[in-house]
Amino acid sequence: MKDLSVCPNCHQPIFSDDIYCGACGSQLSPQAYVSPTPVPLPAVVSGGMIKCPSCGFMNDADSSFCERDGVALQQASAGVQPAQVTIPPPQIGGVLIMPDKTEIPVSQTSRVFGRSDFLKQLKPENVKEVSRAHFTITQDLGAFYIQDGGPDPSSPGGWRPSLNRTIINGTPLDASEKRKLQNDDVIDVASVGLNMVFKTR
């Protein structure tokens, strides 16, 4: 017989072998089940039990989340309200296309680009023209922005501009300017003719 306990998060009843709480979806065991397939719509089976669409586990009719893999269950049995499933907006990625057609991904919320990113593209005499933190690209609500320089706690205002500027489509960025990037914008650093192209994916 299974031991009965309570969820440490929502204090609803759980069994000792539950991996996730059926009421709130909290993980109860470090040995979480990993679903091998995309999650389709769940099915309600006979006897009021709800079959998880991901792992096939049979859950009690009042479960909002699968007790085995934590997947939200959109319940359709009589008298049971569907669980609210929030689908996050898709992440938009960006990429810098270098002159030799190699690509540098820009997918994080914020990324600093500098000398070490462009060593293969720069002529030896131009390497020191590019700052270690030359420009920063940030993503906010699906839009990308570029700013000359990068974060530096020891600099005034916590930001250090590059030594030789960042140029967008032939126009240098002002020291404190944060410009929205568009598809096919051309970015150069220190006017050394690097000319990388920004694109969203």
# chains A, B, ... in the order shown; residues from 1 in each chain; ligands from 1

$ select_by_dssp --residues "range 76-186 of chain A" --states "strand (DSSP E)" --output "ChimeraX atom specification"
/A:94-97,103-106,110-113,135-140,143-148,150-151,159-160,166-168,171-172,178-180,185-186

$ write_last_selection --atoms "N, CA and C atoms" --output "short mmCIF file (atom, residue, chain, number, x, y, z; two decimals), in the first residue's frame"
data_model
loop_
_atom_site.label_atom_id
_atom_site.label_comp_id
_atom_site.auth_asym_id
_atom_site.auth_seq_id
_atom_site.Cartn_x
_atom_site.Cartn_y
_atom_site.Cartn_z
N GLY A 94 18.87 35.66 -33.02
CA GLY A 94 19.57 36.49 -33.98
C GLY A 94 20.91 35.87 -34.31
N VAL A 95 21.55 36.39 -35.35
CA VAL A 95 22.84 35.86 -35.75
C VAL A 95 23.65 36.97 -36.40
N LEU A 96 24.95 36.95 -36.16
CA LEU A 96 25.87 37.83 -36.86
C LEU A 96 26.56 37.00 -37.94
N ILE A 97 26.42 37.41 -39.19
CA ILE A 97 27.05 36.71 -40.30
C ILE A 97 28.34 37.44 -40.65
N GLU A 103 28.86 32.13 -38.78
CA GLU A 103 27.80 32.79 -38.01
C GLU A 103 28.09 32.74 -36.52
N ILE A 104 27.76 33.83 -35.85
CA ILE A 104 27.84 33.89 -34.39
C ILE A 104 26.41 34.07 -33.87
N PRO A 105 25.88 33.11 -33.08
CA PRO A 105 24.50 33.24 -32.61
C PRO A 105 24.33 34.36 -31.59
N VAL A 106 23.15 34.98 -31.63
CA VAL A 106 22.79 36.03 -30.67
C VAL A 106 21.44 35.62 -30.10
N SER A 110 21.27 39.07 -23.23
CA SER A 110 22.31 40.08 -23.42
C SER A 110 23.63 39.38 -23.70
N ARG A 111 24.37 39.87 -24.71
CA ARG A 111 25.68 39.30 -25.00
C ARG A 111 26.64 40.40 -25.41
N VAL A 112 27.85 40.32 -24.86
CA VAL A 112 28.91 41.28 -25.18
C VAL A 112 29.81 40.65 -26.24
N PHE A 113 30.13 41.43 -27.27
CA PHE A 113 31.02 40.99 -28.35
C PHE A 113 32.29 41.84 -28.33
N PHE A 135 30.98 45.87 -28.26
CA PHE A 135 29.56 46.26 -28.29
C PHE A 135 28.75 45.17 -27.61
N THR A 136 27.53 45.55 -27.22
CA THR A 136 26.62 44.63 -26.52
C THR A 136 25.30 44.59 -27.27
N ILE A 137 24.79 43.38 -27.49
CA ILE A 137 23.46 43.21 -28.09
C ILE A 137 22.54 42.62 -27.04
N THR A 138 21.39 43.25 -26.86
CA THR A 138 20.39 42.76 -25.90
C THR A 138 19.09 42.47 -26.64
N GLN A 139 18.32 41.55 -26.08
CA GLN A 139 17.01 41.23 -26.63
C GLN A 139 15.94 41.60 -25.61
N ASP A 140 14.92 42.31 -26.06
CA ASP A 140 13.84 42.72 -25.17
C ASP A 140 12.53 42.63 -25.92
N ALA A 143 12.70 42.16 -29.71
CA ALA A 143 13.48 43.13 -30.48
C ALA A 143 14.92 43.11 -29.99
N PHE A 144 15.85 43.39 -30.89
CA PHE A 144 17.27 43.40 -30.55
C PHE A 144 17.80 44.84 -30.57
N TYR A 145 18.68 45.13 -29.61
CA TYR A 145 19.27 46.47 -29.50
C TYR A 145 20.78 46.33 -29.37
N ILE A 146 21.50 47.31 -29.93
CA ILE A 146 22.95 47.30 -29.87
C ILE A 146 23.44 48.56 -29.19
N GLN A 147 24.48 48.43 -28.38
CA GLN A 147 25.06 49.56 -27.66
C GLN A 147 26.57 49.43 -27.70
N ASP A 148 27.24 50.52 -27.94
CA ASP A 148 28.70 50.51 -27.97
C ASP A 148 29.25 50.19 -26.57
N GLY A 150 30.52 47.82 -23.18
CA GLY A 150 29.94 46.75 -22.37
C GLY A 150 29.96 47.08 -20.90
N PRO A 151 29.31 46.27 -20.07
CA PRO A 151 29.26 46.51 -18.62
C PRO A 151 30.65 46.48 -18.00
N TRP A 159 29.46 51.31 -17.04
CA TRP A 159 29.52 50.97 -18.47
C TRP A 159 30.78 51.57 -19.07
N ARG A 160 31.50 50.77 -19.87
CA ARG A 160 32.70 51.26 -20.54
C ARG A 160 32.50 51.23 -22.06
N THR A 166 31.60 51.76 -32.44
CA THR A 166 30.86 50.75 -33.20
C THR A 166 30.07 51.47 -34.28
N ILE A 167 30.11 50.96 -35.49
CA ILE A 167 29.48 51.63 -36.63
C ILE A 167 28.35 50.76 -37.16
N ILE A 168 27.15 51.35 -37.31
CA ILE A 168 25.99 50.65 -37.85
C ILE A 168 25.61 51.30 -39.18
N THR A 171 27.19 54.57 -39.83
CA THR A 171 27.02 55.66 -38.86
C THR A 171 27.48 55.19 -37.48
N PRO A 172 28.45 55.90 -36.86
CA PRO A 172 28.92 55.50 -35.52
C PRO A 172 27.82 55.64 -34.47
N LYS A 178 21.49 53.48 -27.53
CA LYS A 178 21.04 52.09 -27.62
C LYS A 178 20.12 52.01 -28.84
N ARG A 179 20.63 51.46 -29.93
CA ARG A 179 19.91 51.50 -31.21
C ARG A 179 19.25 50.15 -31.50
N LYS A 180 18.00 50.20 -32.00
CA LYS A 180 17.29 48.98 -32.37
C LYS A 180 17.88 48.43 -33.66
N ASP A 185 21.13 44.86 -41.02
CA ASP A 185 22.00 45.95 -40.57
C ASP A 185 23.45 45.47 -40.63
N VAL A 186 24.34 46.37 -41.07
CA VAL A 186 25.77 46.05 -41.17
C VAL A 186 26.49 46.67 -39.99
#

$ closest_residue --among "A:Val130, A:Glu177, A:Cys66, A:Lys123" --to "Pro53 in chain A" --atoms "only C-alpha atoms"
A:Cys66

$ closest_residue --among "A:Ser155, A:Leu141, A:Gln182, A:Asn195" --to "Gly170 in chain A" --atoms "only C-alpha atoms"
A:Asn195
